[in-house]
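These notes concern the structure reproduced below.
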There are 2 protein chains.
Amino acid sequence: MKDIRVGLIGFGTIGKGVVKNIISNGGLIAQQTGIRLEIARIADIDLQRERDVSVDPSILTTDAEEVIHDDSIDIVVELIGGINPAREYVLTALRNGKHVVTANKALISKCGVEIFETARESGADVLYEASVAGCIPVIKSLRESLVANKVLSLDGIVNGTCNYILTRMQKDQMSFSSALEEAKAKGYAEADPSFDINGTDSAQKLAILASLASNSWVDVDRVYVEGIAHITQKDIAYAAELGYVLKLLAIAKFGSDWVQARVHPALLRRNHPLADVWDVHNAIYLVGDYAGEMMFYGQGAGEKPTASAVVSDIVDISRNIKSAARKRISSLPETASTKRLIPMNQIRGRYYLRFTVIDKPGVLAQITTVLGENGISISAVTQKERHLESAVAVIVMTHAAKEESIRAALKTIDSLDVVKDETLMIRIEESE
Amino acid sequence: MKDIRVGLIGFGTIGKGVVKNIISNGGLIAQQTGIRLEIARIADIDLQRERDVSVDPSILTTDAEEVIHDDSIDIVVELIGGINPAREYVLTALRNGKHVVTANKALISKCGVEIFETARESGADVLYEASVAGCIPVIKSLRESLVANKVLSLDGIVNGTCNYILTRMQKDQMSFSSALEEAKAKGYAEADPSFDINGTDSAQKLAILASLASNSWVDVDRVYVEGIAHITQKDIAYAAELGYVLKLLAIAKFGSDWVQARVHPALLRRNHPLADVWDVHNAIYLVGDYAGEMMFYGQGAGEKPTASAVVSDIVDISRNIKSAARKRISSLPETASTKRLIPMNQIRGRYYLRFTVIDKPGVLAQITTVLGENGISISAVTQKERHLESAVAVIVMTHAAKEESIRAALKTIDSLDVVKDETLMIRIEESE
């Protein structure tokens with residue numbers, strides 16, 4: 001039996017989950033692996049808070065430095081989130097020869113290169129399965145199970161808050177704001193949900209997945225991001241009539257020397273594997289050149305699922321320690337490559353367009369003329385019953401067109417006198 | 001860069017796929033891992049067959065012994081299937097200090113203990129991801145990503161042939177025999193499809209998954225097995241009317257000291273994550289005490305997906321060789337445990353029963369009386385229009401009951417004069 005000493009930084013929801021998991025399933029882990037995990041030290045700025053798990057008070061500290069400088073600790077688990085001071089703790093722990101497990105998507109997507117280089121120099125492991133999609137083993141699968149594949153595309157529902165809101169808007173005809181309020185009341189959305197709603201959280205996760213899938217570094221700040229706050233329940237209903245489901249997707253596509261990476265609301269046909277992922281569930285659908293279509297589905301957040309992922313990373317590193325494996329899987333590709341990020345306006349796809357126009361003859365002709373002048377052909381048109389005092393909604397589904405053509409056409413159309421409001425555009429994502 | 005020499009035994013569909021994968025994606029693998037894979041030797045009894053991949057003729061041999069006794073080979077890949085001579089090749093390769101990758105479900109489910117013990121003695125790795133559900137990384141996930149979980153249940157669609165036939169029966173109202181003929185014509189079923197149709201293939205895969213999920217050894221010969229040949233298109237249509245989808249499921253449930261393991265047709269509610277898995281796709285739905293619900297979905301067979309899994313196993317072992325890790329993950333739990341296999345007649349569940357009866361007053365009363373006498377309560381009854389000359393179908397959905405009560409009731413009912421044909425029973429599988 002090999003004893004492994006673990007130090008936690010952050011004793012909030014996930015930290016508690018990790019402690020509970022090791023208490024309740026540590027015996028099972030030992031039976032499976034021959035490894036006995038011991039929580040040696042826990043740092044948190046607030047030690048007074050009520051927690052529904054009891055630990056020996058002598059291992060608690062308010063000073064994270066006591067964890068990262070404790071010579072007896074093998075693995076430091078960073079669970080405080082955000083860039084600072086998490087970055088400094090992780091880097092110092094690595095320089096002190098410790099391995100690191102983190103659930104911190106902001107940190108890995110922003111400072112991954114620096115952290116992985118530091119780990120490489122010290123021969124340490126850095127694992128971060130819980131940073132994307134909770135307990136769904138998509139990071140491990142990309143690094144290991146799909147190692148023999150060129151990943152061609154990846155579409156993820158990786159934000160449970162948005163998926164819950166869109167589920168309530170679609171299944172129960174709720175408005176965006178009521179659905180958001182309900183999500184907050186149920187604890188599915190934070191008091192300030194901006195980073196979920198505006199797509200930032202999904203973009204951080206996508207940057208991590210797209211980097212792994214492409215063996216290059218995808219800069220989170222260059223991922224195209226659009227949130228869901230502008231989507232109305234009406235658009236979801238119109239799309240449903242046409243056989244589509246609306247999701248906030250994290251999308252990446254890959255070529256030999258290029259990457260696409262974008263987060264935006266997207267319409268999926270009802271038979272797409274992701275179309276039936278509802279509520280707070282997460283899922284990642286991907287296509288490999290050998291594996292073909294795959295989907296991973298599960299809980300993307302919460303105390304227990306996240307703890308499941310964190311502890312599996314702790315065990316993974318412990319197995320390396322026990323078997324004396326050094327640098328078994330490098331955090332960065334052995335040979336770094338750079339890939340061109342395709343700008344959003346160069347991307348081709350199909351579009352849902354909702355025009356808000358005056359209800360009089362010739363209006364549709366004006367709109368379709370502009371679309372035609374921009375080389376955009378139409379696959380379906382529906383004019384809706386009047387829903388505003390003086391305007392009607394016209395829904396146009398296009399054939400494949402370039403984003404820059406769509407944007408140019410909408411700029412012209414939105415300046416027409418007959419158009420009463422900014423046109424709403426939603427991209428359509430096709431399965432392979 | 002670390003060179004790893006691989007020897008293949010079996011140069012059929014999967015063997016070809018492995019060779020093609022290493023030719024086309026070997027560079028990518030080297031870039032990610034620092035490992036260069038080389039196919040050093042290939043044995044097959046038939047070297048004359050046309051193959052759409054070219055290899056250096058000097059590495060080909062008809063004698064598998066030349067592979068397993070070649071001192072330069074690090075990893076032997078067994079792709080011939082069946083127990084003999086695969087068992088002897090694998091055991092000898094392990095005794096010769098080689099690591100082994102196999103896609104052989106029959107071998108692992110039947111001779112796993114012997115093989116893993118031999119591997120343990122020689123310090124070698126044996127990996128077998130491709131033996132269950134093609135490229136879906138369910139074995140790796142159970143051994144690694146779910147290591148911190150007590151797995152509570154597992155439901156798998158792990159036979160693409162049966163899933164294809166049931167899809168055609170359900171979506172296109174085909175008969176079982178026409179659907180089977182079509183599956184053969186499309187190459188989804190073998191010339192002799194008995195092992196797929198009668199559930200044997202699924203049982204072998206379930207024995208492997210249930211063993212991993214329970215950290216005990218589930219004897220494949222004790223898995224309850226029922227195939228799909230007795231299911232009629234009518235039953236599928238009746239079940240659909242009631243909101244159910246029919247699948248051939250591999251089901252395991254787990255307690256602290258017991259295991260259930262069974263393969264049989266089962267009805268799922270339409271919102272069950274497995275209900276939308278169609279055609280030749282495979283999927284495994286499982287529930288962990290920390291992870292909660294998860295599903296893994298993908299291609300369960302075929303040259304390329306299977307090659308993807310085999311090569312990922314080769315890379316996994318190569319990473320151990322490169323990092324000098326010995327016995328990093330043992331094939332058997334460190335501490336073996338034995339668990340009680342619950343006999344089929346002790347299992348409780350809900351049932352779909354189709355009675356074929358004379359169309360006259362009092363018949364339903366006779367049937368329901370027998371059900372009541374056996375403690376079985378009814379949740380729904382439908383009498384169908386006459387479809388045989390002198391008989392009608394009565395569909396009964398039960399509340400939860402013990403299998404032995406159902407069997408006793410059906411024995412009595414099927415001996416009644418008013419019952420014209422053996423009653424058809426299909427189990428209902430509820431999601432968590």
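Ligands are numbered from 1 in the order shown, chains are lettered A, B, ... in the order of the structure tokens, and residues start at 1 in each chain.
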Over every C-alpha pair, in sequence order, do a least-squares fit of chain A onto chain B and save the fitted chain as a short mmCIF file (atom, residue, chain, number, x, y, z; two decimals) with C-alpha atoms, in the first residue's frame.
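Final output, saved to superposed-v7.cif:
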data_model
loop_
_atom_site.label_atom_id
_atom_site.label_comp_id
_atom_site.auth_asym_id
_atom_site.auth_seq_id
_atom_site.Cartn_x
_atom_site.Cartn_y
_atom_site.Cartn_z
CA MET A 1 11.73 10.02 -29.15
CA LYS A 2 11.08 6.48 -27.91
CA ASP A 3 10.72 3.67 -30.47
CA ILE A 4 8.21 0.96 -29.65
CA ARG A 5 8.08 -2.25 -31.68
CA VAL A 6 4.65 -3.75 -32.13
CA GLY A 7 3.83 -7.28 -33.33
CA LEU A 8 0.38 -8.10 -34.70
CA ILE A 9 -1.25 -11.50 -34.63
CA GLY A 10 -4.18 -11.35 -37.05
CA PHE A 11 -4.18 -9.25 -40.21
CA GLY A 12 -7.92 -9.12 -40.92
CA THR A 13 -10.19 -6.09 -40.76
CA ILE A 14 -8.97 -4.72 -37.44
CA GLY A 15 -5.33 -5.58 -38.10
CA LYS A 16 -5.49 -3.65 -41.36
CA GLY A 17 -7.11 -0.75 -39.53
CA VAL A 18 -4.31 -0.68 -36.97
CA VAL A 19 -1.63 -0.67 -39.68
CA LYS A 20 -3.41 2.10 -41.61
CA ASN A 21 -3.84 4.14 -38.45
CA ILE A 22 -0.17 3.96 -37.55
CA ILE A 23 0.79 4.87 -41.12
CA SER A 24 -1.56 7.86 -41.29
CA ASN A 25 -1.57 9.09 -37.67
CA GLY A 26 1.77 7.79 -36.36
CA GLY A 27 3.31 11.23 -36.87
CA LEU A 28 0.57 12.86 -34.83
CA ILE A 29 1.03 10.26 -32.10
CA ALA A 30 4.77 10.94 -32.02
CA GLN A 31 4.12 14.68 -31.79
CA GLN A 32 1.73 14.22 -28.87
CA THR A 33 3.63 11.59 -26.95
CA GLY A 34 7.26 11.39 -28.04
CA ILE A 35 6.62 7.77 -29.00
CA ARG A 36 7.28 6.33 -32.47
CA LEU A 37 5.30 3.15 -33.14
CA GLU A 38 6.74 0.62 -35.55
CA ILE A 39 4.90 -2.44 -36.83
CA ALA A 40 7.75 -4.93 -36.53
CA ARG A 41 6.01 -8.18 -37.43
CA ILE A 42 2.57 -9.35 -38.61
CA ALA A 43 1.34 -12.94 -38.43
CA ASP A 44 -1.68 -14.22 -40.30
CA ILE A 45 -2.55 -17.68 -41.59
CA ASP A 46 -3.59 -16.19 -44.94
CA LEU A 47 -0.98 -13.95 -46.54
CA GLN A 48 -2.41 -14.20 -50.06
CA ARG A 49 -5.60 -12.26 -49.43
CA GLU A 50 -5.91 -8.80 -51.07
CA ARG A 51 -5.49 -6.06 -48.50
CA ASP A 52 -5.89 -2.35 -49.18
CA VAL A 53 -2.74 -1.45 -47.28
CA SER A 54 0.84 -2.17 -48.23
CA VAL A 55 3.44 -3.40 -45.77
CA ASP A 56 7.03 -4.55 -46.20
CA PRO A 57 6.63 -8.26 -47.14
CA SER A 58 9.60 -9.19 -44.97
CA ILE A 59 7.65 -8.48 -41.78
CA LEU A 60 4.84 -10.90 -42.72
CA THR A 61 4.72 -14.45 -41.42
CA THR A 62 2.18 -17.24 -41.20
CA ASP A 63 3.62 -18.31 -37.85
CA ALA A 64 2.36 -16.43 -34.78
CA GLU A 65 5.19 -18.00 -32.76
CA GLU A 66 7.59 -15.73 -34.66
CA VAL A 67 5.80 -12.75 -33.17
CA ILE A 68 5.51 -13.93 -29.58
CA HIS A 69 9.13 -15.12 -29.44
CA ASP A 70 10.66 -12.09 -31.22
CA ASP A 71 12.93 -10.50 -28.60
CA SER A 72 12.78 -7.12 -30.29
CA ILE A 73 9.01 -6.77 -29.90
CA ASP A 74 7.66 -4.75 -26.97
CA ILE A 75 3.91 -5.16 -27.44
CA VAL A 76 1.99 -8.08 -28.95
CA VAL A 77 -1.45 -7.22 -30.35
CA GLU A 78 -3.81 -10.20 -30.54
CA LEU A 79 -6.56 -9.72 -33.12
CA ILE A 80 -7.57 -13.23 -34.13
CA GLY A 81 -10.52 -13.58 -31.73
CA GLY A 82 -11.87 -16.71 -30.03
CA ILE A 83 -10.30 -18.68 -27.19
CA ASN A 84 -7.88 -20.99 -29.00
CA PRO A 85 -5.17 -20.42 -30.05
CA ALA A 86 -5.48 -16.78 -28.88
CA ARG A 87 -5.23 -17.77 -25.21
CA GLU A 88 -1.96 -19.63 -25.69
CA TYR A 89 -0.45 -16.81 -27.77
CA VAL A 90 -1.36 -14.20 -25.15
CA LEU A 91 -0.10 -16.27 -22.20
CA THR A 92 3.17 -17.11 -23.97
CA ALA A 93 3.72 -13.50 -25.00
CA LEU A 94 3.21 -12.39 -21.37
CA ARG A 95 5.58 -15.08 -20.08
CA ASN A 96 8.12 -13.83 -22.63
CA GLY A 97 7.95 -10.40 -20.98
CA LYS A 98 5.84 -8.74 -23.63
CA HIS A 99 2.90 -6.46 -23.03
CA VAL A 100 -0.37 -7.41 -24.69
CA VAL A 101 -3.21 -5.52 -26.34
CA THR A 102 -6.26 -7.50 -27.37
CA ALA A 103 -9.71 -6.81 -28.82
CA ASN A 104 -10.91 -10.27 -27.81
CA LYS A 105 -14.05 -10.16 -25.65
CA ALA A 106 -14.48 -13.95 -25.62
CA LEU A 107 -10.94 -14.43 -24.33
CA ILE A 108 -11.02 -11.71 -21.67
CA SER A 109 -14.46 -12.65 -20.36
CA LYS A 110 -13.58 -16.35 -20.23
CA CYS A 111 -9.86 -16.41 -19.35
CA GLY A 112 -9.37 -12.96 -17.83
CA VAL A 113 -8.29 -14.16 -14.40
CA GLU A 114 -5.62 -16.51 -15.81
CA ILE A 115 -4.34 -13.83 -18.21
CA PHE A 116 -4.24 -11.06 -15.59
CA GLU A 117 -2.50 -13.31 -13.06
CA THR A 118 0.12 -14.19 -15.67
CA ALA A 119 0.56 -10.50 -16.49
CA ARG A 120 0.91 -9.68 -12.82
CA GLU A 121 3.67 -12.28 -12.39
CA SER A 122 5.63 -10.97 -15.38
CA GLY A 123 4.98 -7.29 -14.60
CA ALA A 124 3.36 -6.79 -17.99
CA ASP A 125 0.34 -4.73 -19.01
CA VAL A 126 -2.72 -6.24 -20.70
CA LEU A 127 -5.15 -3.74 -22.21
CA TYR A 128 -8.40 -4.57 -24.00
CA GLU A 129 -10.41 -1.37 -24.62
CA ALA A 130 -11.51 -2.60 -28.07
CA SER A 131 -13.10 -5.73 -26.59
CA VAL A 132 -16.16 -3.73 -25.49
CA ALA A 133 -18.00 -1.08 -27.53
CA GLY A 134 -15.30 -0.35 -30.10
CA CYS A 135 -13.69 3.03 -29.61
CA ILE A 136 -15.89 4.13 -26.71
CA PRO A 137 -13.47 4.51 -23.78
CA VAL A 138 -15.68 2.81 -21.22
CA ILE A 139 -13.05 0.39 -19.92
CA LYS A 140 -10.51 3.16 -19.36
CA SER A 141 -13.19 5.33 -17.77
CA LEU A 142 -14.25 2.59 -15.35
CA ARG A 143 -10.63 1.83 -14.38
CA GLU A 144 -9.46 5.43 -14.15
CA SER A 145 -11.99 8.24 -14.45
CA LEU A 146 -14.57 6.58 -12.19
CA VAL A 147 -12.06 5.19 -9.70
CA ALA A 148 -13.52 7.40 -6.94
CA ASN A 149 -17.05 6.06 -7.49
CA LYS A 150 -19.10 3.17 -6.34
CA VAL A 151 -20.76 2.27 -9.61
CA LEU A 152 -24.43 1.66 -8.83
CA SER A 153 -25.71 0.53 -12.21
CA LEU A 154 -24.70 0.16 -15.82
CA ASP A 155 -26.92 -0.31 -18.88
CA GLY A 156 -25.32 -0.86 -22.25
CA ILE A 157 -26.31 -1.14 -25.87
CA VAL A 158 -23.19 -3.05 -26.83
CA ASN A 159 -24.24 -5.08 -29.87
CA GLY A 160 -24.57 -3.05 -33.06
CA THR A 161 -26.15 -5.90 -35.03
CA CYS A 162 -29.09 -6.22 -32.65
CA ASN A 163 -29.47 -2.47 -32.32
CA TYR A 164 -29.60 -2.13 -36.10
CA ILE A 165 -32.25 -4.87 -36.39
CA LEU A 166 -34.37 -3.38 -33.61
CA THR A 167 -34.03 0.09 -35.20
CA ARG A 168 -35.38 -1.17 -38.53
CA MET A 169 -38.18 -3.08 -36.76
CA GLN A 170 -39.15 0.01 -34.80
CA LYS A 171 -38.63 2.83 -37.28
CA ASP A 172 -39.58 1.04 -40.50
CA GLN A 173 -41.98 -1.64 -39.27
CA MET A 174 -39.77 -4.40 -40.67
CA SER A 175 -40.05 -7.96 -39.42
CA PHE A 176 -37.19 -9.47 -37.44
CA SER A 177 -36.16 -11.75 -40.30
CA SER A 178 -36.19 -9.03 -42.99
CA ALA A 179 -34.21 -6.70 -40.73
CA LEU A 180 -31.69 -9.47 -40.09
CA GLU A 181 -31.33 -10.18 -43.81
CA GLU A 182 -30.74 -6.48 -44.45
CA ALA A 183 -28.15 -6.31 -41.67
CA LYS A 184 -26.31 -9.22 -43.29
CA ALA A 185 -26.46 -7.57 -46.73
CA LYS A 186 -25.02 -4.34 -45.29
CA GLY A 187 -22.21 -6.17 -43.49
CA TYR A 188 -23.63 -5.32 -40.04
CA ALA A 189 -24.30 -8.99 -39.28
CA GLU A 190 -22.07 -11.98 -39.91
CA ALA A 191 -23.06 -14.96 -42.06
CA ASP A 192 -23.81 -16.78 -38.82
CA PRO A 193 -25.17 -14.08 -36.54
CA SER A 194 -26.21 -16.41 -33.69
CA PHE A 195 -23.82 -15.02 -31.08
CA ASP A 196 -25.08 -11.49 -31.71
CA ILE A 197 -28.78 -12.35 -31.91
CA ASN A 198 -28.87 -14.71 -28.93
CA GLY A 199 -27.11 -12.22 -26.64
CA THR A 200 -23.82 -14.12 -26.17
CA ASP A 201 -21.73 -11.26 -27.57
CA SER A 202 -23.43 -8.77 -25.24
CA ALA A 203 -23.00 -11.11 -22.27
CA GLN A 204 -19.23 -11.36 -22.85
CA LYS A 205 -18.98 -7.58 -22.95
CA LEU A 206 -21.19 -7.22 -19.88
CA ALA A 207 -19.09 -9.70 -17.89
CA ILE A 208 -16.03 -7.52 -18.59
CA LEU A 209 -17.76 -4.24 -17.70
CA ALA A 210 -19.48 -5.63 -14.61
CA SER A 211 -16.19 -7.08 -13.35
CA LEU A 212 -14.47 -3.71 -13.72
CA ALA A 213 -17.37 -1.79 -12.20
CA SER A 214 -17.66 -4.11 -9.20
CA ASN A 215 -13.97 -4.88 -8.60
CA SER A 216 -14.84 -8.54 -8.57
CA TRP A 217 -14.92 -11.26 -11.18
CA VAL A 218 -18.28 -11.76 -12.86
CA ASP A 219 -18.37 -15.20 -14.49
CA VAL A 220 -19.60 -14.86 -18.06
CA ASP A 221 -21.25 -18.26 -17.86
CA ARG A 222 -23.46 -17.08 -15.01
CA VAL A 223 -24.73 -13.94 -16.76
CA TYR A 224 -28.42 -14.35 -17.57
CA VAL A 225 -28.88 -14.15 -21.36
CA GLU A 226 -31.93 -13.78 -23.56
CA GLY A 227 -31.72 -12.79 -27.24
CA ILE A 228 -34.05 -10.87 -29.53
CA ALA A 229 -35.25 -13.55 -31.98
CA HIS A 230 -38.60 -13.97 -30.20
CA ILE A 231 -39.48 -10.27 -30.32
CA THR A 232 -42.08 -9.39 -32.94
CA GLN A 233 -42.59 -6.14 -34.74
CA LYS A 234 -46.07 -6.04 -33.16
CA ASP A 235 -44.59 -5.98 -29.66
CA ILE A 236 -42.33 -3.12 -30.62
CA ALA A 237 -45.34 -1.25 -32.01
CA TYR A 238 -47.48 -1.92 -28.92
CA ALA A 239 -44.66 -0.77 -26.65
CA ALA A 240 -44.20 2.37 -28.74
CA GLU A 241 -47.90 3.21 -28.26
CA LEU A 242 -47.30 3.03 -24.51
CA GLY A 243 -44.28 5.38 -24.76
CA TYR A 244 -41.52 2.78 -24.69
CA VAL A 245 -38.60 1.90 -26.94
CA LEU A 246 -37.22 -1.65 -27.14
CA LYS A 247 -33.48 -2.30 -26.92
CA LEU A 248 -31.28 -5.30 -26.26
CA LEU A 249 -29.63 -4.22 -23.01
CA ALA A 250 -26.64 -5.45 -21.07
CA ILE A 251 -27.61 -4.58 -17.49
CA ALA A 252 -25.60 -4.71 -14.29
CA LYS A 253 -26.48 -3.42 -10.86
CA PHE A 254 -24.19 -3.37 -7.88
CA GLY A 255 -24.44 -3.50 -4.10
CA SER A 256 -21.70 -3.75 -1.49
CA ASP A 257 -21.66 -7.56 -1.66
CA TRP A 258 -23.81 -8.44 -4.68
CA VAL A 259 -23.97 -8.04 -8.44
CA GLN A 260 -26.79 -8.39 -10.95
CA ALA A 261 -25.70 -9.14 -14.52
CA ARG A 262 -28.16 -9.87 -17.30
CA VAL A 263 -28.68 -9.43 -21.03
CA HIS A 264 -32.21 -9.29 -22.38
CA PRO A 265 -34.58 -7.20 -24.47
CA ALA A 266 -35.87 -4.33 -22.36
CA LEU A 267 -38.33 -1.50 -22.70
CA LEU A 268 -37.08 2.00 -21.95
CA ARG A 269 -39.13 5.16 -21.58
CA ARG A 270 -38.58 7.50 -24.47
CA ASN A 271 -36.76 10.06 -22.30
CA HIS A 272 -34.12 7.52 -21.13
CA PRO A 273 -30.70 8.60 -22.45
CA LEU A 274 -30.31 5.21 -24.20
CA ALA A 275 -33.69 5.44 -25.97
CA ASP A 276 -32.24 7.60 -28.75
CA VAL A 277 -29.32 5.32 -29.56
CA TRP A 278 -30.15 3.91 -32.99
CA ASP A 279 -28.67 1.94 -35.87
CA VAL A 280 -25.28 0.33 -35.22
CA HIS A 281 -24.34 2.81 -32.50
CA ASN A 282 -23.34 1.61 -29.06
CA ALA A 283 -23.76 3.43 -25.77
CA ILE A 284 -23.19 2.77 -22.11
CA TYR A 285 -25.26 4.60 -19.51
CA LEU A 286 -24.03 4.32 -15.96
CA VAL A 287 -24.62 5.80 -12.54
CA GLY A 288 -21.89 6.41 -9.98
CA ASP A 289 -22.46 7.46 -6.39
CA TYR A 290 -20.43 10.64 -6.98
CA ALA A 291 -20.50 11.12 -10.75
CA GLY A 292 -24.25 10.58 -11.02
CA GLU A 293 -25.64 9.73 -14.45
CA MET A 294 -23.20 9.43 -17.34
CA MET A 295 -23.42 8.19 -20.90
CA PHE A 296 -20.74 7.25 -23.41
CA TYR A 297 -21.87 7.01 -27.04
CA GLY A 298 -20.12 6.06 -30.27
CA GLN A 299 -19.20 3.45 -32.86
CA GLY A 300 -19.11 -0.03 -31.37
CA ALA A 301 -17.47 -1.83 -34.25
CA GLY A 302 -15.81 -1.47 -37.63
CA GLU A 303 -12.25 -1.23 -38.91
CA LYS A 304 -11.51 2.37 -38.01
CA PRO A 305 -13.22 2.78 -34.60
CA THR A 306 -11.80 -0.53 -33.36
CA ALA A 307 -8.34 0.44 -34.62
CA SER A 308 -8.69 3.74 -32.73
CA ALA A 309 -9.18 1.81 -29.48
CA VAL A 310 -6.41 -0.71 -30.16
CA VAL A 311 -3.87 1.98 -30.97
CA SER A 312 -4.85 4.04 -27.91
CA ASP A 313 -4.08 0.95 -25.81
CA ILE A 314 -0.74 0.51 -27.60
CA VAL A 315 0.10 4.14 -26.81
CA ASP A 316 -1.01 3.74 -23.19
CA ILE A 317 1.41 0.86 -22.71
CA SER A 318 4.11 2.69 -24.65
CA ARG A 319 3.77 5.62 -22.27
CA ASN A 320 4.41 3.20 -19.40
CA ILE A 321 7.48 1.82 -21.18
CA LYS A 322 8.78 5.32 -21.97
CA SER A 323 8.32 6.59 -18.41
CA ALA A 324 9.61 3.32 -16.91
CA ALA A 325 6.35 2.75 -15.05
CA ARG A 326 5.93 -0.85 -13.94
CA LYS A 327 2.49 -2.21 -13.07
CA ARG A 328 1.00 1.27 -13.09
CA ILE A 329 -2.55 -0.02 -13.26
CA SER A 330 -3.06 -3.62 -12.30
CA SER A 331 -5.48 -5.57 -14.45
CA LEU A 332 -7.04 -7.08 -11.36
CA PRO A 333 -8.05 -5.13 -8.25
CA GLU A 334 -5.20 -5.04 -5.72
CA THR A 335 -7.46 -6.84 -3.27
CA ALA A 336 -9.78 -9.30 -4.94
CA SER A 337 -13.30 -9.49 -3.60
CA THR A 338 -16.09 -11.92 -4.30
CA LYS A 339 -19.63 -10.81 -4.77
CA ARG A 340 -22.87 -12.74 -4.83
CA LEU A 341 -24.56 -12.91 -8.24
CA ILE A 342 -28.29 -12.39 -7.72
CA PRO A 343 -30.26 -15.17 -9.45
CA MET A 344 -32.61 -13.93 -12.16
CA ASN A 345 -35.77 -15.08 -10.38
CA GLN A 346 -34.93 -12.86 -7.37
CA ILE A 347 -34.83 -9.70 -9.46
CA ARG A 348 -37.69 -7.22 -9.16
CA GLY A 349 -38.92 -5.06 -11.98
CA ARG A 350 -41.83 -4.07 -14.13
CA TYR A 351 -43.02 -6.24 -17.01
CA TYR A 352 -44.76 -6.00 -20.38
CA LEU A 353 -46.85 -9.14 -20.95
CA ARG A 354 -48.57 -10.01 -24.23
CA PHE A 355 -51.23 -12.68 -23.80
CA THR A 356 -52.69 -14.42 -26.84
CA VAL A 357 -56.23 -15.35 -25.86
CA ILE A 358 -59.64 -16.36 -27.14
CA ASP A 359 -61.83 -13.30 -27.68
CA LYS A 360 -64.70 -14.05 -25.26
CA PRO A 361 -66.08 -12.65 -22.00
CA GLY A 362 -64.29 -13.49 -18.73
CA VAL A 363 -60.88 -14.14 -20.24
CA LEU A 364 -59.31 -10.99 -18.87
CA ALA A 365 -60.74 -11.80 -15.43
CA GLN A 366 -59.11 -15.25 -15.50
CA ILE A 367 -55.72 -13.76 -16.35
CA THR A 368 -55.84 -10.92 -13.84
CA THR A 369 -56.95 -13.32 -11.11
CA VAL A 370 -53.83 -15.44 -11.63
CA LEU A 371 -51.64 -12.32 -11.64
CA GLY A 372 -53.29 -11.18 -8.40
CA GLU A 373 -52.80 -14.57 -6.77
CA ASN A 374 -49.10 -14.21 -7.49
CA GLY A 375 -48.99 -10.75 -5.92
CA ILE A 376 -48.57 -8.97 -9.26
CA SER A 377 -50.44 -5.71 -9.65
CA ILE A 378 -51.30 -4.19 -12.97
CA SER A 379 -50.48 -0.66 -14.10
CA ALA A 380 -52.15 -0.77 -17.55
CA VAL A 381 -54.14 -3.12 -19.77
CA THR A 382 -54.91 -2.85 -23.49
CA GLN A 383 -56.86 -5.34 -25.53
CA LYS A 384 -55.81 -5.23 -29.17
CA GLU A 385 -57.87 -5.79 -32.29
CA ARG A 386 -58.00 -9.41 -33.36
CA HIS A 387 -54.84 -10.29 -35.33
CA LEU A 388 -55.06 -14.07 -35.48
CA GLU A 389 -57.97 -16.12 -36.78
CA SER A 390 -59.28 -17.03 -33.36
CA ALA A 391 -57.23 -15.03 -30.88
CA VAL A 392 -56.61 -11.48 -29.67
CA ALA A 393 -53.60 -9.88 -28.00
CA VAL A 394 -53.98 -8.48 -24.50
CA ILE A 395 -51.13 -6.29 -23.29
CA VAL A 396 -50.57 -5.95 -19.55
CA MET A 397 -48.02 -3.63 -17.98
CA THR A 398 -47.30 -4.59 -14.38
CA HIS A 399 -46.10 -2.69 -11.35
CA ALA A 400 -42.84 -3.91 -9.82
CA ALA A 401 -42.88 -7.64 -9.15
CA LYS A 402 -40.37 -10.42 -8.59
CA GLU A 403 -39.30 -12.40 -11.65
CA GLU A 404 -40.18 -15.68 -9.93
CA SER A 405 -43.74 -14.46 -9.32
CA ILE A 406 -44.07 -13.49 -12.98
CA ARG A 407 -42.75 -16.85 -14.11
CA ALA A 408 -45.11 -18.72 -11.78
CA ALA A 409 -48.08 -16.66 -12.96
CA LEU A 410 -47.22 -17.18 -16.64
CA LYS A 411 -46.86 -20.91 -16.13
CA THR A 412 -50.38 -21.05 -14.73
CA ILE A 413 -51.81 -18.64 -17.31
CA ASP A 414 -50.24 -20.43 -20.27
CA SER A 415 -51.96 -23.65 -19.19
CA LEU A 416 -55.43 -22.04 -19.29
CA ASP A 417 -57.72 -23.22 -22.10
CA VAL A 418 -58.44 -19.64 -23.17
CA VAL A 419 -54.73 -18.94 -23.80
CA LYS A 420 -53.77 -19.90 -27.33
CA ASP A 421 -50.04 -19.26 -27.42
CA GLU A 422 -47.08 -18.85 -25.06
CA THR A 423 -47.20 -15.45 -23.36
CA LEU A 424 -44.49 -13.04 -24.39
CA MET A 425 -42.76 -11.19 -21.55
CA ILE A 426 -40.44 -8.20 -21.88
CA ARG A 427 -38.78 -6.54 -18.89
CA ILE A 428 -39.04 -2.79 -18.37
CA GLU A 429 -35.84 -0.99 -17.36
CA GLU A 430 -36.29 2.26 -15.44
CA SER A 431 -33.68 5.00 -15.32
CA GLU A 432 -32.34 6.12 -11.95
#
